[in-house]
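Listing of run_21.csv; format and content: CSV, C-alpha atoms.
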chain,number,residue,atom,x,y,z
A,1,MET,CA,-3.9,2.1,75.9
A,2,ASN,CA,-1.3,4.2,74.1
A,3,ARG,CA,-1.7,5.8,70.7
A,4,ARG,CA,0.1,3.1,68.9
A,5,THR,CA,-2.2,0.4,70.2
A,6,LYS,CA,-5.3,2.5,69.4
A,7,PHE,CA,-4.0,3.0,65.9
A,8,LEU,CA,-3.3,-0.7,65.4
A,9,ALA,CA,-6.7,-1.7,66.8
A,10,GLY,CA,-8.5,0.8,64.6
A,11,GLY,CA,-6.6,-0.3,61.5
A,12,GLY,CA,-7.4,-3.9,62.4
A,13,VAL,CA,-11.1,-3.1,62.6
A,14,ILE,CA,-11.1,-1.3,59.2
A,15,ALA,CA,-9.2,-4.2,57.6
A,16,ALA,CA,-11.6,-6.8,59.0
A,17,ALA,CA,-14.6,-4.7,57.8
A,18,LEU,CA,-13.1,-4.4,54.3
A,19,ALA,CA,-12.3,-8.2,54.2
A,20,TYR,CA,-15.9,-8.9,55.3
A,21,MET,CA,-17.4,-6.6,52.6
A,22,ILE,CA,-15.4,-8.2,49.9
A,23,TYR,CA,-16.2,-11.7,51.1
A,24,ALA,CA,-20.0,-11.0,51.5
A,25,GLY,CA,-20.1,-9.1,48.1
A,26,VAL,CA,-18.4,-11.9,46.2
A,27,THR,CA,-20.0,-14.9,47.8
A,28,GLN,CA,-23.5,-13.5,47.2
A,29,SER,CA,-22.8,-13.5,43.5
A,30,ALA,CA,-20.4,-16.4,43.6
A,31,VAL,CA,-23.0,-18.9,42.4
A,32,TYR,CA,-24.2,-16.8,39.5
A,33,PHE,CA,-26.6,-19.4,38.2
A,34,VAL,CA,-28.0,-22.8,39.1
A,35,THR,CA,-27.8,-25.8,36.8
A,36,PRO,CA,-30.9,-27.6,35.4
A,37,ALA,CA,-30.1,-30.6,37.7
A,38,GLU,CA,-29.9,-28.3,40.8
A,39,LEU,CA,-33.2,-26.6,39.9
A,40,GLN,CA,-35.0,-29.8,39.3
A,41,ALA,CA,-33.8,-31.3,42.6
A,42,ALA,CA,-35.9,-28.7,44.5
A,43,PRO,CA,-37.8,-26.1,42.4
A,44,VAL,CA,-39.6,-23.4,44.4
A,45,PRO,CA,-42.4,-21.9,42.3
A,46,GLY,CA,-42.3,-18.1,42.2
A,47,LYS,CA,-38.7,-17.8,43.5
A,48,ALA,CA,-36.3,-15.8,41.3
A,49,TYR,CA,-33.6,-17.9,39.8
A,50,ARG,CA,-30.8,-17.6,37.3
A,51,LEU,CA,-30.6,-20.8,35.3
A,52,GLY,CA,-27.6,-21.7,33.2
A,53,GLY,CA,-27.0,-24.5,30.7
A,54,VAL,CA,-26.7,-25.5,27.0
A,55,VAL,CA,-29.6,-24.9,24.7
A,56,ALA,CA,-30.6,-28.4,23.7
A,57,ARG,CA,-30.4,-29.2,20.0
A,58,GLY,CA,-33.8,-29.4,18.3
A,59,SER,CA,-35.6,-27.7,21.2
A,60,LEU,CA,-35.5,-24.1,20.0
A,61,LYS,CA,-38.8,-22.6,18.6
A,62,TRP,CA,-39.3,-19.0,17.9
A,63,GLU,CA,-42.5,-17.4,16.8
A,64,ALA,CA,-41.3,-14.2,15.1
A,65,ARG,CA,-44.8,-12.7,14.9
A,66,THR,CA,-45.7,-13.0,18.6
A,67,LEU,CA,-42.1,-13.1,19.9
A,68,ASP,CA,-42.8,-16.3,21.7
A,69,LEU,CA,-39.5,-18.1,22.4
A,70,SER,CA,-39.3,-21.7,23.8
A,71,PHE,CA,-36.3,-23.9,24.2
A,72,ALA,CA,-34.8,-26.4,26.7
A,73,LEU,CA,-31.7,-25.9,28.8
A,74,SER,CA,-29.6,-28.9,29.6
A,75,ASP,CA,-26.5,-29.7,31.7
A,76,GLY,CA,-26.2,-33.3,30.5
A,77,LYS,CA,-28.0,-34.6,33.6
A,78,ALA,CA,-31.3,-32.8,33.5
A,79,THR,CA,-33.3,-30.7,31.0
A,80,VAL,CA,-35.6,-27.8,31.8
A,81,PRO,CA,-38.1,-26.3,29.4
A,82,VAL,CA,-37.9,-22.5,29.2
A,83,ARG,CA,-40.4,-20.0,27.8
A,84,HIS,CA,-39.7,-16.3,27.1
A,85,LYS,CA,-41.3,-13.4,25.3
A,86,GLY,CA,-38.9,-11.3,23.3
A,87,THR,CA,-35.8,-11.3,21.2
A,88,PRO,CA,-32.7,-13.3,22.3
A,89,PRO,CA,-29.1,-11.9,22.0
A,90,ASP,CA,-27.2,-12.6,18.7
A,91,LEU,CA,-25.0,-15.3,20.2
A,92,PHE,CA,-28.0,-17.2,21.5
A,93,GLY,CA,-28.6,-20.5,19.7
A,94,GLU,CA,-28.8,-24.3,19.9
A,95,GLY,CA,-25.8,-26.1,21.3
A,96,ARG,CA,-24.5,-22.9,22.9
A,97,GLY,CA,-24.4,-21.7,26.5
A,98,ALA,CA,-27.1,-19.5,28.0
A,99,VAL,CA,-28.1,-18.0,31.4
A,100,VAL,CA,-31.7,-17.1,31.9
A,101,GLU,CA,-33.3,-15.0,34.6
A,102,GLY,CA,-36.8,-15.7,35.8
A,103,SER,CA,-38.9,-18.1,37.9
A,104,TRP,CA,-40.2,-21.6,38.0
A,105,SER,CA,-43.8,-21.8,36.9
A,106,PRO,CA,-46.1,-24.3,38.7
A,107,GLU,CA,-47.2,-25.5,35.3
A,108,GLY,CA,-43.8,-27.2,34.9
A,109,TYR,CA,-41.6,-24.8,32.9
A,110,PHE,CA,-39.1,-22.0,33.6
A,111,LYS,CA,-40.6,-18.5,32.8
A,112,ALA,CA,-37.6,-16.4,31.7
A,113,SER,CA,-37.7,-12.6,31.8
A,114,LEU,CA,-34.1,-12.1,30.5
A,115,ILE,CA,-31.9,-14.2,28.3
A,116,LEU,CA,-28.1,-13.9,28.4
A,117,ALA,CA,-25.7,-15.7,26.1
A,118,LYS,CA,-22.6,-17.2,27.6
A,119,HIS,CA,-19.6,-17.3,25.3
A,120,SER,CA,-16.5,-19.4,25.5
A,121,GLU,CA,-13.0,-18.2,26.1
A,122,GLU,CA,-11.9,-19.7,22.8
A,123,TYR,CA,-11.5,-17.5,19.7
A,124,LYS,CA,-11.1,-18.8,16.2
A,125,ALA,CA,-10.2,-17.4,12.8
A,126,PRO,CA,-12.6,-18.2,10.0
A,127,HIS,CA,-10.3,-20.7,8.2
A,128,ASP,CA,-10.0,-22.8,11.4
A,129,GLY,CA,-13.6,-23.9,10.8
A,130,GLY,CA,-16.2,-25.0,13.3
A,131,GLN,CA,-17.4,-23.0,16.3
A,132,ALA,CA,-15.2,-21.8,19.0
A,133,GLY,CA,-14.8,-23.9,22.1
A,134,TYR,CA,-18.3,-25.0,22.8
A,135,LYS,CA,-17.2,-28.5,23.9
A,136,GLU,CA,-15.2,-26.9,26.6
A,137,LEU,CA,-18.1,-24.6,27.5
A,138,ILE,CA,-20.5,-27.5,27.8
A,139,LYS,CA,-18.1,-29.2,30.0
A,140,THR,CA,-18.0,-26.2,32.4
A,141,LEU,CA,-21.8,-26.0,32.4
A,142,LYS,CA,-22.0,-29.7,33.3
A,143,GLY,CA,-19.9,-28.8,36.4
A,144,GLU,CA,-17.0,-31.0,35.4
A,145,SER,CA,-13.6,-29.7,36.6
A,146,ARG,CA,-11.5,-27.9,34.1
B,1,MET,CA,14.6,12.4,32.7
B,2,ARG,CA,12.1,14.6,30.8
B,3,ARG,CA,13.7,13.5,27.5
B,4,ALA,CA,13.2,9.8,28.5
B,5,THR,CA,9.6,10.6,29.3
B,6,SER,CA,8.8,12.1,25.9
B,7,VAL,CA,10.5,9.1,24.2
B,8,PHE,CA,8.1,6.8,26.1
B,9,GLY,CA,5.2,9.1,24.9
B,10,TRP,CA,6.2,8.8,21.3
B,11,LEU,CA,6.8,5.1,21.5
B,12,ALA,CA,3.3,4.7,23.1
B,13,ALA,CA,1.7,6.8,20.3
B,14,ALA,CA,3.4,4.6,17.7
B,15,GLY,CA,2.5,1.4,19.5
B,16,LEU,CA,-1.2,2.4,19.9
B,17,LEU,CA,-1.3,3.1,16.1
B,18,ALA,CA,0.3,-0.2,15.4
B,19,GLY,CA,-2.1,-1.9,17.8
B,20,LEU,CA,-5.1,-0.4,16.1
B,21,VAL,CA,-3.9,-1.6,12.7
B,22,MET,CA,-3.2,-5.1,14.1
B,23,GLY,CA,-6.5,-5.4,16.1
B,24,PHE,CA,-8.8,-3.9,13.6
B,25,GLY,CA,-7.0,-4.6,10.3
B,26,VAL,CA,-4.6,-7.6,10.4
B,27,ALA,CA,-6.3,-9.8,13.0
B,28,PRO,CA,-9.0,-12.0,11.5
B,29,ARG,CA,-12.7,-11.7,12.1
B,30,GLU,CA,-13.6,-14.1,14.9
B,31,THR,CA,-15.9,-16.9,13.7
B,32,THR,CA,-18.6,-17.0,16.5
B,33,GLN,CA,-18.8,-13.4,17.6
B,34,GLY,CA,-17.8,-11.5,14.5
B,35,ASN,CA,-16.2,-8.1,14.5
B,36,VAL,CA,-17.4,-7.2,18.0
B,37,GLN,CA,-14.7,-9.5,19.4
B,38,ARG,CA,-12.1,-7.0,18.3
B,39,ILE,CA,-12.8,-4.9,21.4
B,40,MET,CA,-10.8,-7.6,23.2
B,41,TYR,CA,-7.7,-5.7,21.9
B,42,LEU,CA,-8.6,-2.8,24.1
B,43,HIS,CA,-10.4,-4.5,27.0
B,44,VAL,CA,-7.6,-7.0,27.9
B,45,PRO,CA,-4.7,-4.6,27.7
B,46,SER,CA,-6.7,-2.1,29.8
B,47,VAL,CA,-7.2,-4.5,32.7
B,48,TRP,CA,-3.5,-5.5,32.3
B,49,VAL,CA,-2.4,-1.9,32.9
B,50,ALA,CA,-4.8,-1.7,35.9
B,51,TYR,CA,-3.3,-4.8,37.4
B,52,VAL,CA,0.3,-3.4,36.9
B,53,ALA,CA,-0.7,0.0,38.2
B,54,PHE,CA,-2.1,-1.3,41.4
B,55,ALA,CA,0.9,-3.7,41.9
B,56,VAL,CA,3.1,-0.7,41.6
B,57,VAL,CA,1.0,1.1,44.2
B,58,PHE,CA,1.5,-2.0,46.5
B,59,VAL,CA,5.3,-2.0,46.1
B,60,ALA,CA,5.7,1.8,46.3
B,61,SER,CA,3.6,1.8,49.4
B,62,ILE,CA,5.8,-0.8,51.1
B,63,ALA,CA,8.8,1.2,50.0
B,64,TYR,CA,7.4,4.4,51.5
B,65,LEU,CA,6.6,2.8,54.8
B,66,ALA,CA,10.1,1.3,55.0
B,67,ARG,CA,12.2,4.3,53.8
B,68,ARG,CA,9.8,7.3,54.1
B,69,ALA,CA,11.0,8.5,50.7
B,70,GLU,CA,8.5,11.1,49.3
B,71,ALA,CA,9.4,9.9,45.7
B,72,ALA,CA,7.9,6.5,46.5
B,73,ASP,CA,4.7,8.1,47.8
B,74,ARG,CA,4.4,10.2,44.6
B,75,LEU,CA,4.9,7.1,42.5
B,76,ALA,CA,2.1,5.3,44.4
B,77,HIS,CA,-0.2,8.3,44.1
B,78,ALA,CA,0.4,8.7,40.3
B,79,SER,CA,0.1,5.0,39.7
B,80,ALA,CA,-3.2,4.8,41.6
B,81,GLU,CA,-4.7,7.6,39.5
B,82,VAL,CA,-3.7,5.9,36.2
B,83,GLY,CA,-4.9,2.5,37.6
B,84,VAL,CA,-8.4,4.0,38.3
B,85,LEU,CA,-8.4,5.4,34.7
B,86,PHE,CA,-7.7,2.1,33.2
B,87,THR,CA,-10.1,0.2,35.5
B,88,GLY,CA,-12.8,2.6,34.2
B,89,LEU,CA,-11.7,1.9,30.6
B,90,THR,CA,-11.9,-1.9,31.4
B,91,ILE,CA,-15.5,-1.5,32.7
B,92,ALA,CA,-16.5,0.7,29.8
B,93,THR,CA,-15.1,-1.6,27.0
B,94,GLY,CA,-16.4,-4.6,28.9
B,95,SER,CA,-19.9,-3.2,28.9
B,96,ILE,CA,-19.7,-2.4,25.2
B,97,TRP,CA,-18.6,-5.9,24.5
B,98,GLY,CA,-21.2,-7.4,26.9
B,99,LYS,CA,-24.3,-5.8,25.4
B,100,PRO,CA,-24.1,-7.4,21.9
B,101,THR,CA,-22.6,-10.8,23.0
B,102,TRP,CA,-24.2,-11.5,26.4
B,103,GLY,CA,-27.2,-9.3,25.9
B,104,THR,CA,-26.6,-7.0,28.9
B,105,TRP,CA,-24.4,-4.0,29.8
B,106,TRP,CA,-23.9,-5.2,33.3
B,107,THR,CA,-24.7,-8.1,35.6
B,108,TRP,CA,-23.6,-9.0,39.2
B,109,ASP,CA,-21.5,-12.1,38.5
B,110,ALA,CA,-18.3,-12.6,40.6
B,111,ARG,CA,-15.9,-11.1,37.9
B,112,LEU,CA,-17.9,-7.9,37.4
B,113,THR,CA,-18.6,-7.6,41.1
B,114,SER,CA,-15.0,-8.0,42.1
B,115,VAL,CA,-13.9,-5.4,39.4
B,116,ALA,CA,-16.5,-3.0,40.7
B,117,ILE,CA,-15.1,-3.4,44.3
B,118,LEU,CA,-11.5,-2.9,42.9
B,119,PHE,CA,-12.6,0.4,41.2
B,120,VAL,CA,-14.4,1.7,44.3
B,121,MET,CA,-11.5,0.9,46.6
B,122,TYR,CA,-9.0,2.8,44.6
B,123,ILE,CA,-11.3,5.8,44.2
B,124,GLY,CA,-11.5,5.6,48.0
B,125,TYR,CA,-7.7,5.6,48.1
B,126,LEU,CA,-7.6,8.8,46.1
B,127,LEU,CA,-10.4,10.4,48.3
B,128,LEU,CA,-8.4,9.4,51.4
B,129,ARG,CA,-5.3,11.2,50.0
B,130,GLY,CA,-7.3,14.3,49.2
B,131,MET,CA,-9.0,14.4,52.6
B,132,ILE,CA,-5.9,14.6,54.8
B,133,GLU,CA,-4.1,18.0,54.7
B,134,GLU,CA,-0.9,17.0,56.4
B,135,ARG,CA,1.6,15.6,53.8
B,136,GLU,CA,3.3,12.9,55.9
B,137,ARG,CA,0.0,11.6,57.5
B,138,ALA,CA,-1.8,11.4,54.1
B,139,ALA,CA,1.2,9.4,52.7
B,140,ARG,CA,1.2,7.0,55.7
B,141,TYR,CA,-2.5,6.3,55.6
B,142,ALA,CA,-2.6,5.9,51.9
B,143,ALA,CA,0.3,3.5,52.0
B,144,VAL,CA,-1.6,1.2,54.4
B,145,LEU,CA,-4.7,1.3,52.1
B,146,GLY,CA,-2.5,0.8,49.0
B,147,ILE,CA,-1.2,-2.4,50.5
B,148,VAL,CA,-4.5,-3.8,51.7
B,149,ALA,CA,-6.4,-3.0,48.5
B,150,ALA,CA,-3.9,-5.0,46.4
B,151,LEU,CA,-5.5,-8.1,47.8
B,152,ASN,CA,-8.2,-7.5,45.3
B,153,ILE,CA,-6.1,-8.2,42.3
B,154,PRO,CA,-5.8,-12.0,42.6
B,155,LEU,CA,-9.5,-12.0,43.6
B,156,VAL,CA,-10.5,-10.3,40.3
B,157,HIS,CA,-8.2,-12.5,38.2
B,158,PHE,CA,-9.2,-15.8,39.7
B,159,SER,CA,-12.9,-15.0,40.2
B,160,VAL,CA,-13.8,-16.7,36.9
B,161,VAL,CA,-12.0,-19.8,37.9
B,162,TRP,CA,-13.1,-20.1,41.5
B,163,TRP,CA,-16.8,-19.3,41.0
B,164,ARG,CA,-19.5,-19.9,38.5
B,165,THR,CA,-19.8,-16.7,36.4
B,166,LEU,CA,-21.2,-15.3,33.2
B,167,HIS,CA,-17.8,-14.0,32.2
B,168,GLN,CA,-15.7,-16.6,30.5
B,169,PRO,CA,-12.4,-17.9,32.1
B,170,PRO,CA,-9.0,-16.6,30.9
B,171,SER,CA,-8.0,-17.3,27.3
B,172,LEU,CA,-4.3,-16.4,27.5
B,173,MET,CA,-3.2,-18.0,30.7
B,174,LYS,CA,-5.4,-21.0,30.2
B,175,PRO,CA,-4.0,-24.3,31.5
B,176,GLY,CA,-3.0,-26.4,28.5
B,177,GLY,CA,-2.1,-23.5,26.2
B,178,SER,CA,-3.8,-20.4,24.8
B,179,ALA,CA,-7.2,-20.5,23.2
B,180,MET,CA,-6.8,-18.3,20.1
B,181,PRO,CA,-4.9,-18.3,16.8
B,182,GLY,CA,-1.3,-17.0,16.8
B,183,ILE,CA,-2.1,-13.9,14.8
B,184,MET,CA,-4.7,-12.8,17.4
B,185,ILE,CA,-2.1,-13.3,20.2
B,186,VAL,CA,0.4,-11.1,18.2
B,187,ALA,CA,-2.2,-8.3,17.8
B,188,LEU,CA,-3.0,-8.6,21.5
B,189,VAL,CA,0.8,-8.5,22.5
B,190,VAL,CA,1.3,-5.3,20.3
B,191,ASN,CA,-1.5,-3.7,22.3
B,192,PHE,CA,-0.1,-5.0,25.6
B,193,VAL,CA,3.2,-3.3,24.8
B,194,ALA,CA,1.6,-0.1,23.6
B,195,PHE,CA,-0.6,0.2,26.7
B,196,SER,CA,2.3,-0.5,29.0
B,197,LEU,CA,4.3,2.3,27.4
B,198,LEU,CA,1.4,4.6,27.8
B,199,TYR,CA,1.2,3.6,31.4
B,200,VAL,CA,4.9,4.5,32.0
B,201,TYR,CA,4.4,7.8,30.2
B,202,PHE,CA,1.3,8.8,32.2
B,203,VAL,CA,2.9,7.8,35.5
B,204,ALA,CA,6.2,9.6,34.8
B,205,LYS,CA,4.3,12.8,33.8
B,206,ARG,CA,2.0,12.7,36.8
B,207,ALA,CA,4.7,12.0,39.3
B,208,ARG,CA,6.7,14.9,38.0
B,209,LEU,CA,3.6,17.2,38.2
B,210,LEU,CA,3.1,16.1,41.8
B,211,ARG,CA,6.7,17.0,42.6
B,212,LEU,CA,6.4,20.4,41.0
B,213,GLU,CA,3.1,21.0,42.9
B,214,GLU,CA,4.9,20.2,46.2
B,215,GLU,CA,7.8,22.5,45.3
B,216,ALA,CA,5.5,25.3,44.4
B,217,ALA,CA,3.5,24.9,47.7
B,218,ALA,CA,6.7,24.8,49.8

Transcribe the structure of this file into structure tokens.
Amino acid sequence: MNRRTKFLAGGGVIAAALAYMIYAGVTQSAVYFVTPAELQAAPVPGKAYRLGGVVARGSLKWEARTLDLSFALSDGKATVPVRHKGTPPDLFGEGRGAVVEGSWSPEGYFKASLILAKHSEEYKAPHDGGQAGYKELIKTLKGESR
Amino acid sequence: MRRATSVFGWLAAAGLLAGLVMGFGVAPRETTQGNVQRIMYLHVPSVWVAYVAFAVVFVASIAYLARRAEAADRLAHASAEVGVLFTGLTIATGSIWGKPTWGTWWTWDARLTSVAILFVMYIGYLLLRGMIEERERAARYAAVLGIVAALNIPLVHFSVVWWRTLHQPPSLMKPGGSAMPGIMIVALVVNFVAFSLLYVYFVAKRARLLRLEEEAAA
């Protein structure tokens, strides 16, 4: 084995290791959240999940005194009740996208420890009226192709 | 050459000033997010410069391996440094944007993870350069890494389309047209131009400095 072959083999090993690291790193976080339909198909109590969907209209209740927050996340196919203790981010609201971290409770609701708001890629000036791009966002949360 | 560099510097300064006025004064307050959305005028041009910088590293690395011209190697080195700077700015502005909108400074979704890998790989590129004493060998090894690491750029850009992420998909290169009013696009384009001029200025200065260092050491 001459130097050139050794160098090529070594380079190949390094390139393969790098490619694997990128692949493993990205696929692990590739499915950032599960949808309500996916969760309801096979919920495992106590397992950590990220659940993403649209906050169902008319489902949001917030007890400002005790910080008890409850709402339902929907993907158009299934709806999951969520409970949380704390203050949600500013962009959180009914009809908007949200991703929650937590676990499935055996009592039949999702116990969230962290609430994240998902915003759409559309931006609107005030005079355009209406809210930016939530139709599109809801479509992506339902898993329909863009 | 030095004259041309300072012209770029002054143009960049004027462009950045115009960009601030456009982004923070002229562009309208976004309906859903409010004023915090204005950080887009820094965040998106920053990542644009990072993409351009690493693409230049890629091309200059190939040129170095083909021709063995030291100027190509100095260009790759300078561009990588500026790219790391702007990747850092992208992550910082993204965090500042993420906290009030998403409710978190950082999360491991595919976009943020792939950007973190990009950042670490080019820091590794600079470390590799610094570790090897011999001029020619450092340039050769760095060129190989500079070519391999560029594979990350499409991964970062398309991560939001290929995988389910918290980060929203692209607004500008969206299929079926852009997703923002014209005046916001104009403000963004002014900042794109200003940041690009700044990139040229930084790289020209840094490459010259690298040449002077080499001449002084010789």

Report, in Å with one decimal, the straight-line distance from CA of Ala78 in chain B to CA of Ile123 in chain B. 12.7 Å

Counting only C-alpha atoms, what is within 9 Å of Leu20 in chain B, bar same-chain residues fewer than 3 positions away, as a PDB file with C-alpha atoms, in the coordinates of the input?
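Written output follows (around10.pdb):
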ATOM      1  CA  GLY B  15       2.500   1.400  19.500  1.00  0.00           C
ATOM      2  CA  LEU B  16      -1.200   2.400  19.900  1.00  0.00           C
ATOM      3  CA  LEU B  17      -1.300   3.100  16.100  1.00  0.00           C
ATOM      4  CA  GLY B  23      -6.500  -5.400  16.100  1.00  0.00           C
ATOM      5  CA  PHE B  24      -8.800  -3.900  13.600  1.00  0.00           C
ATOM      6  CA  GLY B  25      -7.000  -4.600  10.300  1.00  0.00           C
ATOM      7  CA  TYR B  41      -7.700  -5.700  21.900  1.00  0.00           C
ATOM      8  CA  ALA B 187      -2.200  -8.300  17.800  1.00  0.00           C
ATOM      9  CA  ASN B 191      -1.500  -3.700  22.300  1.00  0.00           C
TER      10      ASN B 191
END

Just need the residues of chain B within 6 Å of chain A, counting all atoms listed in the file, so spit them out as JSON, numbers by chain. {"B": [28, 30, 31, 101, 102, 103, 109, 110, 163, 164, 165, 168, 171, 179, 180]}

Among listed residues B:Arg3, B:His157, B:His167, B:Arg140, nearest Arg67 in chain B (using only C-alpha atoms):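 Once distances to Arg67 in chain B are computed over only C-alpha atoms, the minimum belongs to B:Arg140.
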
Computed interatomic separation between CA of Ser114 in chain B and CA of Gly53 in chain A (Å):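 Going from CA of Ser114 in chain B over to CA of Gly53 in chain A covers 23.4 Å.
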
Interface rows for range 122-216 of chain B against range 42-46 of chain B: nearest pair, Å to one decimal, 8 Å, all atoms listed in the file, as a Markdown table:
| residue | atom | partner | partner_atom | distance |
| --- | --- | --- | --- | --- |
| B:Leu188 | CA | B:Pro45 | CA | 7.6 |
| B:Asn191 | CA | B:Pro45 | CA | 6.3 |
| B:Phe192 | CA | B:Pro45 | CA | 5.1 |
| B:Phe195 | CA | B:Pro45 | CA | 6.4 |

Which of A:Tyr49, A:Tyr20, A:Trp62, A:Phe110 sits closest to Val82 in chain A [using all atoms listed in the file]: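 Closest to Val82 in chain A of all the choices is A:Phe110.
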
Between CA of Ser113 in chain A and CA of Ser59 in chain A - distance in Å to one decimal: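 So the answer is 18.6 Å.
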
Across B:Val49, B:Val7, B:Met121, B:Ala218, the smallest distance to Ile147 in chain B, with only C-alpha atoms counted, is shown by B:Met121

Can you list, as a ChimeraX atom specification, every protein, DNA or RNA residue that comes within 10 Å of Val44 in chain A when you count all atoms listed in the file, leaving out same-chain residues fewer than 3 positions away? /A:39-41,47-49,103-106

What does the file look like for those residues with C-alpha atoms, as a short mmCIF file (atom, residue, chain, number, x, y, z; two decimals), in the coordinates of the input?
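Saved result, selection00.cif, follows:
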data_model
loop_
_atom_site.label_atom_id
_atom_site.label_comp_id
_atom_site.auth_asym_id
_atom_site.auth_seq_id
_atom_site.Cartn_x
_atom_site.Cartn_y
_atom_site.Cartn_z
CA LEU A 39 -33.20 -26.60 39.90
CA GLN A 40 -35.00 -29.80 39.30
CA ALA A 41 -33.80 -31.30 42.60
CA LYS A 47 -38.70 -17.80 43.50
CA ALA A 48 -36.30 -15.80 41.30
CA TYR A 49 -33.60 -17.90 39.80
CA SER A 103 -38.90 -18.10 37.90
CA TRP A 104 -40.20 -21.60 38.00
CA SER A 105 -43.80 -21.80 36.90
CA PRO A 106 -46.10 -24.30 38.70
#

So which one's closest to Gly102 in chain A, A:Leu73, A:Val54, A:Gly46, A:Thr87? Using only C-alpha atoms, please.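 Under the stated criterion, the closest residue is A:Gly46.
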
Pick from A:Ala112, A:Ala24, A:Ala9, A:Ala16: nearest to Asp68 in chain A, with all atoms listed in the file counted? A:Ala112

Grab range 130-146 of chain B from that structure and dump N, CA and C atoms to a file, as a PDB file, in the first residue's frame.
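Dumped to selection18.pdb:
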ATOM      1  N   GLY B 130      -5.133  25.999  11.274  1.00  0.00           N
ATOM      2  CA  GLY B 130      -4.219  26.493  12.287  1.00  0.00           C
ATOM      3  C   GLY B 130      -3.291  25.416  12.831  1.00  0.00           C
ATOM      4  N   MET B 131      -3.741  24.153  12.741  1.00  0.00           N
ATOM      5  CA  MET B 131      -3.002  23.054  13.354  1.00  0.00           C
ATOM      6  C   MET B 131      -1.783  22.637  12.540  1.00  0.00           C
ATOM      7  N   ILE B 132      -1.858  22.817  11.215  1.00  0.00           N
ATOM      8  CA  ILE B 132      -0.778  22.324  10.355  1.00  0.00           C
ATOM      9  C   ILE B 132       0.204  23.451  10.053  1.00  0.00           C
ATOM     10  N   GLU B 133       1.459  23.238  10.421  1.00  0.00           N
ATOM     11  CA  GLU B 133       2.475  24.285  10.277  1.00  0.00           C
ATOM     12  C   GLU B 133       2.842  24.516   8.813  1.00  0.00           C
ATOM     13  N   GLU B 134       3.011  23.412   8.101  1.00  0.00           N
ATOM     14  CA  GLU B 134       3.524  23.483   6.735  1.00  0.00           C
ATOM     15  C   GLU B 134       2.489  24.124   5.805  1.00  0.00           C
ATOM     16  N   ARG B 135       2.877  25.197   5.121  1.00  0.00           N
ATOM     17  CA  ARG B 135       1.975  26.020   4.315  1.00  0.00           C
ATOM     18  C   ARG B 135       1.186  25.209   3.268  1.00  0.00           C
ATOM     19  N   GLU B 136       1.934  24.423   2.486  1.00  0.00           N
ATOM     20  CA  GLU B 136       1.325  23.730   1.347  1.00  0.00           C
ATOM     21  C   GLU B 136       0.373  22.625   1.827  1.00  0.00           C
ATOM     22  N   ARG B 137       0.782  21.903   2.891  1.00  0.00           N
ATOM     23  CA  ARG B 137      -0.023  20.803   3.396  1.00  0.00           C
ATOM     24  C   ARG B 137      -1.331  21.337   4.023  1.00  0.00           C
ATOM     25  N   ALA B 138      -1.224  22.437   4.778  1.00  0.00           N
ATOM     26  CA  ALA B 138      -2.408  23.054   5.395  1.00  0.00           C
ATOM     27  C   ALA B 138      -3.415  23.437   4.321  1.00  0.00           C
ATOM     28  N   ALA B 139      -2.906  24.040   3.242  1.00  0.00           N
ATOM     29  CA  ALA B 139      -3.781  24.487   2.162  1.00  0.00           C
ATOM     30  C   ALA B 139      -4.462  23.296   1.489  1.00  0.00           C
ATOM     31  N   ARG B 140      -3.706  22.194   1.293  1.00  0.00           N
ATOM     32  CA  ARG B 140      -4.238  21.017   0.595  1.00  0.00           C
ATOM     33  C   ARG B 140      -5.343  20.353   1.435  1.00  0.00           C
ATOM     34  N   TYR B 141      -5.060  20.121   2.723  1.00  0.00           N
ATOM     35  CA  TYR B 141      -6.062  19.480   3.595  1.00  0.00           C
ATOM     36  C   TYR B 141      -7.304  20.356   3.723  1.00  0.00           C
ATOM     37  N   ALA B 142      -7.073  21.672   3.916  1.00  0.00           N
ATOM     38  CA  ALA B 142      -8.202  22.591   4.078  1.00  0.00           C
ATOM     39  C   ALA B 142      -9.073  22.591   2.823  1.00  0.00           C
ATOM     40  N   ALA B 143      -8.421  22.501   1.652  1.00  0.00           N
ATOM     41  CA  ALA B 143      -9.189  22.522   0.399  1.00  0.00           C
ATOM     42  C   ALA B 143     -10.136  21.325   0.329  1.00  0.00           C
ATOM     43  N   VAL B 144      -9.646  20.134   0.765  1.00  0.00           N
ATOM     44  CA  VAL B 144     -10.493  18.938   0.740  1.00  0.00           C
ATOM     45  C   VAL B 144     -11.698  19.138   1.670  1.00  0.00           C
ATOM     46  N   LEU B 145     -11.440  19.627   2.891  1.00  0.00           N
ATOM     47  CA  LEU B 145     -12.533  19.863   3.834  1.00  0.00           C
ATOM     48  C   LEU B 145     -13.480  20.959   3.329  1.00  0.00           C
ATOM     49  N   GLY B 146     -12.912  21.987   2.703  1.00  0.00           N
ATOM     50  CA  GLY B 146     -13.726  23.082   2.166  1.00  0.00           C
ATOM     51  C   GLY B 146     -14.690  22.614   1.096  1.00  0.00           C
TER      52      GLY B 146
END
